[in-house]
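This is query01.tsv (TSV, C-alpha atoms and all ligand atoms).
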chain	number	residue	atom	x	y	z
A	1	MET	CA	-7.63	-8.97	-12.87
A	2	LEU	CA	-4.27	-8.83	-11.14
A	3	LEU	CA	-5.76	-9.06	-7.64
A	4	GLU	CA	-9.19	-10.35	-6.69
A	5	LEU	CA	-10.75	-10.63	-3.26
A	6	GLU	CA	-14.03	-12.44	-3.06
A	7	ASP	CA	-16.06	-12.56	0.14
A	8	VAL	CA	-12.98	-12.47	2.36
A	9	THR	CA	-13.34	-12.93	6.10
A	10	ALA	CA	-10.50	-12.49	8.59
A	11	PHE	CA	-9.88	-13.25	12.23
A	12	TYR	CA	-7.66	-12.10	15.08
A	13	GLY	CA	-7.73	-15.20	17.25
A	14	PRO	CA	-11.42	-16.02	17.62
A	15	VAL	CA	-12.54	-12.49	16.73
A	16	GLN	CA	-13.87	-12.04	13.22
A	17	VAL	CA	-13.12	-8.55	11.87
A	18	LEU	CA	-13.79	-8.91	8.12
A	19	GLU	CA	-17.17	-10.31	7.11
A	20	GLY	CA	-17.23	-10.21	3.35
A	21	VAL	CA	-14.74	-8.02	1.57
A	22	SER	CA	-14.69	-8.13	-2.21
A	23	LEU	CA	-12.59	-5.97	-4.49
A	24	ALA	CA	-10.47	-6.19	-7.61
A	25	VAL	CA	-7.38	-4.44	-8.93
A	26	PRO	CA	-6.78	-4.64	-12.68
A	27	GLU	CA	-3.25	-4.90	-14.09
A	28	GLY	CA	-1.83	-1.37	-14.04
A	29	GLY	CA	-4.79	-0.05	-12.05
A	30	ALA	CA	-4.98	1.91	-8.81
A	31	VAL	CA	-7.90	1.12	-6.53
A	32	GLY	CA	-8.74	2.84	-3.25
A	33	VAL	CA	-10.07	1.40	0.00
A	34	LEU	CA	-11.99	3.94	2.06
A	35	GLY	CA	-13.56	3.55	5.46
A	36	ALA	CA	-13.71	4.91	8.98
A	37	ASN	CA	-11.28	3.96	11.73
A	38	GLY	CA	-11.72	0.28	12.58
A	39	ALA	CA	-13.60	-0.54	9.35
A	40	GLY	CA	-11.06	-3.22	8.44
A	41	LYS	CA	-8.83	-1.47	5.91
A	42	THR	CA	-5.53	-2.54	7.45
A	43	THR	CA	-6.83	-6.06	8.05
A	44	THR	CA	-7.78	-6.30	4.36
A	45	LEU	CA	-4.20	-5.53	3.36
A	46	ARG	CA	-2.96	-8.04	5.95
A	47	ALA	CA	-5.23	-10.72	4.53
A	48	ILE	CA	-3.56	-10.17	1.15
A	49	SER	CA	0.01	-10.10	2.46
A	50	GLY	CA	-0.60	-13.18	4.61
A	51	THR	CA	-0.20	-11.63	8.04
A	52	VAL	CA	-3.71	-12.37	9.32
A	53	ARG	CA	-5.79	-15.56	9.13
A	54	ALA	CA	-8.35	-15.24	6.33
A	55	ARG	CA	-11.02	-17.22	4.48
A	56	GLY	CA	-12.62	-16.63	1.11
A	57	GLY	CA	-11.00	-16.04	-2.25
A	58	ILE	CA	-7.73	-14.15	-2.57
A	59	ARG	CA	-6.22	-14.50	-6.03
A	60	PHE	CA	-3.15	-12.81	-7.45
A	61	ASP	CA	-2.55	-13.14	-11.17
A	62	GLY	CA	-5.03	-16.03	-11.21
A	63	ARG	CA	-3.29	-17.89	-8.41
A	64	ASP	CA	-4.87	-18.65	-5.03
A	65	ILE	CA	-2.64	-16.95	-2.44
A	66	ARG	CA	-4.92	-17.20	0.59
A	67	GLY	CA	-3.07	-18.66	3.56
A	68	MET	CA	0.29	-18.32	1.85
A	69	ARG	CA	3.23	-17.30	4.05
A	70	PRO	CA	4.07	-13.57	3.98
A	71	ASP	CA	7.54	-14.14	2.50
A	72	LYS	CA	6.03	-16.24	-0.32
A	73	VAL	CA	3.46	-13.54	-1.05
A	74	ALA	CA	6.22	-10.94	-1.16
A	75	ALA	CA	8.25	-13.14	-3.50
A	76	LEU	CA	5.29	-13.24	-5.91
A	77	GLY	CA	5.57	-9.47	-6.23
A	78	ILE	CA	3.25	-7.97	-3.62
A	79	ALA	CA	4.88	-5.23	-1.53
A	80	HIS	CA	3.09	-4.01	1.59
A	81	VAL	CA	3.86	-0.54	2.95
A	82	PRO	CA	2.32	-0.86	6.40
A	83	GLU	CA	0.48	1.72	8.44
A	84	GLY	CA	3.05	3.50	10.60
A	85	ARG	CA	5.65	3.10	7.84
A	86	GLY	CA	7.78	0.32	9.27
A	87	THR	CA	11.03	2.09	8.46
A	88	LEU	CA	14.02	0.22	9.86
A	89	THR	CA	15.23	2.89	12.21
A	90	ASP	CA	18.61	1.38	13.11
A	91	LEU	CA	19.70	1.23	9.45
A	92	SER	CA	20.73	4.05	7.12
A	93	VAL	CA	18.57	5.16	4.22
A	94	ARG	CA	20.81	3.29	1.76
A	95	GLU	CA	20.71	0.13	3.88
A	96	ASN	CA	16.91	0.33	4.08
A	97	LEU	CA	16.77	0.49	0.28
A	98	ARG	CA	19.12	-2.52	-0.02
A	99	VAL	CA	16.96	-4.50	2.41
A	100	GLY	CA	14.01	-3.87	0.08
A	101	ALA	CA	15.94	-5.56	-2.71
A	102	TYR	CA	17.18	-8.54	-0.70
A	103	LEU	CA	15.49	-11.13	-2.91
A	104	ARG	CA	16.94	-9.70	-6.12
A	105	LYS	CA	20.02	-11.01	-7.86
A	106	ASP	CA	20.31	-8.36	-10.59
A	107	ARG	CA	22.90	-6.06	-9.02
A	108	LYS	CA	22.86	-3.58	-11.89
A	109	GLY	CA	19.07	-3.41	-11.75
A	110	VAL	CA	19.20	-2.82	-8.00
A	111	ALA	CA	21.73	0.00	-8.40
A	112	ALA	CA	19.56	1.57	-11.13
A	113	ASP	CA	16.47	1.31	-8.93
A	114	ILE	CA	18.26	2.98	-5.99
A	115	ASP	CA	19.00	5.88	-8.37
A	116	TYR	CA	15.38	5.85	-9.50
A	117	CYS	CA	14.09	6.00	-5.89
A	118	LEU	CA	16.44	8.88	-5.05
A	119	ASP	CA	15.20	10.72	-8.13
A	120	LEU	CA	11.61	10.02	-7.07
A	121	PHE	CA	12.30	11.25	-3.52
A	122	PRO	CA	15.15	13.80	-3.74
A	123	GLN	CA	14.86	14.42	0.00
A	124	LEU	CA	16.17	10.90	0.59
A	125	GLN	CA	19.24	11.66	-1.54
A	126	HIS	CA	20.28	14.28	1.03
A	127	ARG	CA	19.73	11.79	3.85
A	128	ILE	CA	21.31	8.75	2.22
A	129	ARG	CA	23.71	8.05	5.10
A	130	SER	CA	21.33	9.09	7.86
A	131	ASN	CA	19.86	6.62	10.26
A	132	GLY	CA	16.17	5.85	9.73
A	133	SER	CA	15.45	7.19	13.21
A	134	ALA	CA	16.87	10.61	12.26
A	135	LEU	CA	14.33	11.10	9.45
A	136	SER	CA	11.19	13.20	9.65
A	137	GLY	CA	7.80	11.47	9.43
A	138	GLY	CA	7.50	12.43	5.78
A	139	GLU	CA	10.98	11.15	4.97
A	140	GLN	CA	10.23	7.87	6.77
A	141	GLN	CA	7.08	7.47	4.66
A	142	MET	CA	9.09	8.16	1.50
A	143	LEU	CA	11.68	5.61	2.58
A	144	ALA	CA	9.03	2.98	3.34
A	145	ILE	CA	7.59	3.43	-0.16
A	146	ALA	CA	11.01	3.47	-1.79
A	147	ARG	CA	11.99	0.30	0.05
A	148	ALA	CA	8.86	-1.41	-1.29
A	149	VAL	CA	9.72	-0.21	-4.81
A	150	MET	CA	13.20	-1.75	-4.43
A	151	SER	CA	11.62	-5.21	-4.34
A	152	LYS	CA	10.38	-4.53	-7.92
A	153	PRO	CA	6.80	-5.44	-7.06
A	154	ARG	CA	3.88	-5.96	-9.42
A	155	LEU	CA	1.41	-4.74	-6.80
A	156	LEU	CA	1.88	-2.16	-4.08
A	157	LEU	CA	-0.31	-2.22	-0.94
A	158	LEU	CA	-0.27	1.24	0.64
A	159	ASP	CA	-1.72	1.78	4.11
A	160	GLU	CA	-2.54	5.41	4.95
A	161	ALA	CA	0.58	6.93	3.46
A	162	SER	CA	-0.62	10.44	4.41
A	163	LEU	CA	-1.25	9.71	8.09
A	164	GLY	CA	0.34	12.27	10.39
A	165	LEU	CA	1.96	14.24	7.55
A	166	ALA	CA	1.62	17.97	6.89
A	167	PRO	CA	-0.66	18.57	3.86
A	168	GLY	CA	2.22	19.71	1.63
A	169	THR	CA	4.28	16.63	2.49
A	170	ALA	CA	1.30	14.32	1.92
A	171	LYS	CA	0.81	15.90	-1.51
A	172	THR	CA	4.49	15.38	-2.37
A	173	VAL	CA	4.25	11.73	-1.34
A	174	TYR	CA	1.11	11.18	-3.44
A	175	GLU	CA	2.65	12.89	-6.46
A	176	ALA	CA	5.56	10.47	-6.24
A	177	ILE	CA	3.16	7.52	-5.95
A	178	GLY	CA	1.44	8.85	-9.06
A	179	ARG	CA	4.78	8.80	-10.85
A	180	LEU	CA	5.20	5.13	-9.95
A	181	ARG	CA	2.03	4.51	-11.94
A	182	THR	CA	2.99	6.56	-14.97
A	183	ASP	CA	6.69	5.55	-15.04
A	184	ALA	CA	6.38	1.89	-14.19
A	185	GLY	CA	2.71	1.03	-14.63
A	186	LEU	CA	2.76	-0.26	-11.06
A	187	SER	CA	-0.61	-1.59	-9.86
A	188	MET	CA	-1.74	-0.49	-6.42
A	189	LEU	CA	-4.30	-0.89	-3.69
A	190	VAL	CA	-4.43	2.35	-1.72
A	191	VAL	CA	-5.90	2.57	1.78
A	192	GLU	CA	-6.57	6.18	2.77
A	193	GLN	CA	-8.62	8.11	5.29
A	194	ASN	CA	-7.99	11.23	3.24
A	195	ALA	CA	-10.29	10.49	0.31
A	196	ASN	CA	-9.52	13.81	-1.38
A	197	LEU	CA	-5.91	12.71	-1.66
A	198	ALA	CA	-6.76	9.14	-2.65
A	199	PHE	CA	-9.03	10.40	-5.43
A	200	THR	CA	-6.10	12.23	-7.03
A	201	LEU	CA	-4.55	8.81	-7.62
A	202	VAL	CA	-7.10	6.00	-7.92
A	203	GLU	CA	-9.69	5.44	-10.65
A	204	SER	CA	-12.07	3.46	-8.45
A	205	ALA	CA	-12.57	2.64	-4.79
A	206	THR	CA	-14.30	0.29	-2.40
A	207	VAL	CA	-15.89	1.54	0.80
A	208	LEU	CA	-15.64	-0.68	3.89
A	209	GLU	CA	-18.02	-0.50	6.82
A	210	THR	CA	-17.48	-2.76	9.85
A	211	GLY	CA	-15.61	-5.37	7.86
A	212	ARG	CA	-17.82	-5.45	4.74
A	213	SER	CA	-17.53	-3.91	1.29
A	214	VAL	CA	-20.65	-1.79	1.06
A	215	LEU	CA	-19.97	0.20	-2.08
A	216	THR	CA	-17.66	0.11	-5.08
A	217	GLY	CA	-17.53	2.68	-7.80
A	218	SER	CA	-15.41	4.82	-10.06
A	219	THR	CA	-13.85	7.89	-8.52
A	220	ALA	CA	-16.33	10.07	-10.46
A	221	GLU	CA	-19.32	8.04	-9.25
A	222	LEU	CA	-18.17	8.14	-5.63
A	223	ARG	CA	-17.44	11.88	-5.73
A	224	GLY	CA	-21.03	12.41	-6.88
A	225	MET	CA	-22.60	10.58	-3.94
A	226	ASP	CA	-23.87	12.72	-1.06
A	227	GLU	CA	-23.06	10.13	1.60
A	228	ILE	CA	-19.47	9.81	0.33
A	229	ARG	CA	-19.05	13.58	0.25
A	230	ARG	CA	-20.35	13.88	3.78
A	231	ALA	CA	-18.37	10.98	5.27
A	232	TYR	CA	-15.09	11.20	3.40
A	233	LEU	CA	-14.73	14.44	1.46
A	234	GLY	CA	-15.49	16.99	4.17
A	235	GLY	CA	-18.87	18.11	2.95
B	301	LIG	N1	-4.26	-7.33	16.42
B	301	LIG	C1	-5.59	-7.24	16.61
B	301	LIG	N2	-6.24	-8.02	17.49
B	301	LIG	C2	-7.58	-7.92	17.68
B	301	LIG	N3	-8.37	-7.05	17.01
B	301	LIG	C3	-7.78	-6.22	16.13
B	301	LIG	C4	-6.36	-6.27	15.88
B	301	LIG	N4	-6.07	-5.33	14.94
B	301	LIG	C5	-7.24	-4.74	14.63
B	301	LIG	N5	-8.26	-5.27	15.34
B	301	LIG	C6	-9.70	-4.89	15.23
B	301	LIG	O1	-10.13	-5.20	13.92
B	301	LIG	C7	-11.01	-4.20	13.42
B	301	LIG	C8	-10.46	-3.68	12.10
B	301	LIG	O2	-9.23	-3.03	12.34
B	301	LIG	P1	-8.33	-2.42	11.19
B	301	LIG	O3	-8.26	-3.38	10.06
B	301	LIG	O4	-7.05	-2.00	11.81
B	301	LIG	O5	-9.20	-1.14	10.75
B	301	LIG	P2	-8.77	0.16	9.94
B	301	LIG	O6	-7.43	-0.06	9.33
B	301	LIG	O7	-9.86	0.35	8.92
B	301	LIG	O8	-8.77	1.29	10.94
B	301	LIG	C9	-11.13	-3.14	14.51
B	301	LIG	O9	-12.29	-3.39	15.23
B	301	LIG	C10	-9.90	-3.39	15.36
B	301	LIG	O10	-10.15	-3.03	16.69
B	302	MG	MG	-5.65	0.94	9.53

Starting from the file, give its structure as structure tokens.
Amino acid sequence: MLLELEDVTAFYGPVQVLEGVSLAVPEGGAVGVLGANGAGKTTTLRAISGTVRARGGIRFDGRDIRGMRPDKVAALGIAHVPEGRGTLTDLSVRENLRVGAYLRKDRKGVAADIDYCLDLFPQLQHRIRSNGSALSGGEQQMLAIARAVMSKPRLLLLDEASLGLAPGTAKTVYEAIGRLRTDAGLSMLVVEQNANLAFTLVESATVLETGRSVLTGSTAELRGMDEIRRAYLGG
């Protein structure tokens, strides 16, 4: 397994918000995390990227990364695209992409990956000199993903990439994420409220309820469950 979480708990100050989250992402795999608002999806990603205090087992490529500083986690090859996108709004699109690659020394590789990202998201090509703040919500989401790709990660953590986007834009974004899998074999952990969209991408998913993993299954298994259909698939 590339990433393994075993019985992870997490805390904001004294308040415990995760109570036993377990999941695994195989090398090259895409795994979903489903759950209602407040279930602990974002906190799970934060526990991995080192931005919230956590206990339990968090292993990446066999190495214990729990408690590691966020910059160290990023340097190991874990890129976190946060909820709300985190686009740097006072920088241009090109500058945002360069920031994503700040740890890399291979200038030719960086230039090639900027071209790759602009091919992946042609809309960004047209906005290359625009300020992040001038972009639409969809373009900001594309830029946040592209910036993560620029760090050449082994694992992408995606937090609700479809949130607030028109359905057509969300579909475009998820098609591009799908290409990242087929082109680059990028592994990913995908948090989504829109399970229909997530299921176009992931092969398995874990369901969180009030900070616990309550169910894990293949996409086909989960689609077949009445309670999943009712809670997450709109009927
Ligand atoms: N910074 C914070 N301080 C205190 N509690 C928080 C903080 N962020 C989130 N929480 C609480 O932790 C729980 C899980 O939140 P979160 O991981 O954001 O859920 P989700 O992403 O599934 O909506 C919620 O009850 C939320 O209110
Ligand atoms: Mg969240």

Around all of segment 150-165 of chain A's listed atoms, make the axis-aligned box with 8 Å on each side and tell me centre and edge lengths in Å to one decimal, as AutoDock Vina command-line options.
--center_x 5.3 --center_y 4.1 --center_z 0.5 --size_x 31.7 --size_y 36.2 --size_z 35.8

Go through A:Leu103, A:Arg147, A:Arg85, A:Arg94 and flag the residue nearest Gly164 of chain A, using all atoms listed in the file for the distances. A:Arg85

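Once segment 220-224 of chain A and its same-chain neighbours fewer than 6 positions away are set aside, Gly32, Val33, Leu34, Ala195, Asn196, Ala198, Phe199, Thr200, Val202, Glu203, Ser204, Ala205, Thr206, Val207, Arg230, Ala231, Tyr232, Leu233, Gly234 and Gly235 of chain A remain within 12 Å of it when counting only C-alpha atoms.
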
Restrict the calculation to all atoms listed in the file, then for each residue of segment 8-47 of chain A with any atom at most 9 Å from an atom of segment 208-212 of chain A give the closest atom pair and their distance in Å to one decimal, rows by chain and rising residue number, as JSON lines.
{"residue": "A:Val8", "atom": "CA", "partner": "A:Arg212", "partner_atom": "CA", "distance": 8.9}
{"residue": "A:Thr9", "atom": "CA", "partner": "A:Gly211", "partner_atom": "CA", "distance": 8.1}
{"residue": "A:Ala10", "atom": "CA", "partner": "A:Gly211", "partner_atom": "CA", "distance": 8.8}
{"residue": "A:Gln16", "atom": "CA", "partner": "A:Gly211", "partner_atom": "CA", "distance": 8.7}
{"residue": "A:Val17", "atom": "CA", "partner": "A:Gly211", "partner_atom": "CA", "distance": 5.7}
{"residue": "A:Leu18", "atom": "CA", "partner": "A:Gly211", "partner_atom": "CA", "distance": 4.0}
{"residue": "A:Glu19", "atom": "CA", "partner": "A:Gly211", "partner_atom": "CA", "distance": 5.2}
{"residue": "A:Gly20", "atom": "CA", "partner": "A:Arg212", "partner_atom": "CA", "distance": 5.0}
{"residue": "A:Val21", "atom": "CA", "partner": "A:Arg212", "partner_atom": "CA", "distance": 5.1}
{"residue": "A:Ser22", "atom": "CA", "partner": "A:Arg212", "partner_atom": "CA", "distance": 8.1}
{"residue": "A:Val33", "atom": "CA", "partner": "A:Leu208", "partner_atom": "CA", "distance": 7.1}
{"residue": "A:Leu34", "atom": "CA", "partner": "A:Leu208", "partner_atom": "CA", "distance": 6.2}
{"residue": "A:Gly35", "atom": "CA", "partner": "A:Leu208", "partner_atom": "CA", "distance": 5.0}
{"residue": "A:Ala36", "atom": "CA", "partner": "A:Glu209", "partner_atom": "CA", "distance": 7.2}
{"residue": "A:Gly38", "atom": "CA", "partner": "A:Thr210", "partner_atom": "CA", "distance": 7.1}
{"residue": "A:Ala39", "atom": "CA", "partner": "A:Thr210", "partner_atom": "CA", "distance": 4.5}
{"residue": "A:Gly40", "atom": "CA", "partner": "A:Gly211", "partner_atom": "CA", "distance": 5.1}
{"residue": "A:Lys41", "atom": "CA", "partner": "A:Leu208", "partner_atom": "CA", "distance": 7.1}
{"residue": "A:Thr43", "atom": "CA", "partner": "A:Gly211", "partner_atom": "CA", "distance": 8.8}
{"residue": "A:Thr44", "atom": "CA", "partner": "A:Gly211", "partner_atom": "CA", "distance": 8.6}

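Of the listed residues (A:Ala146, A:Val81, A:Ala112, A:Leu23), A:Val81 comes nearest to ligand MG 302 (chain B); the distances count only C-alpha atoms and all ligand atoms.
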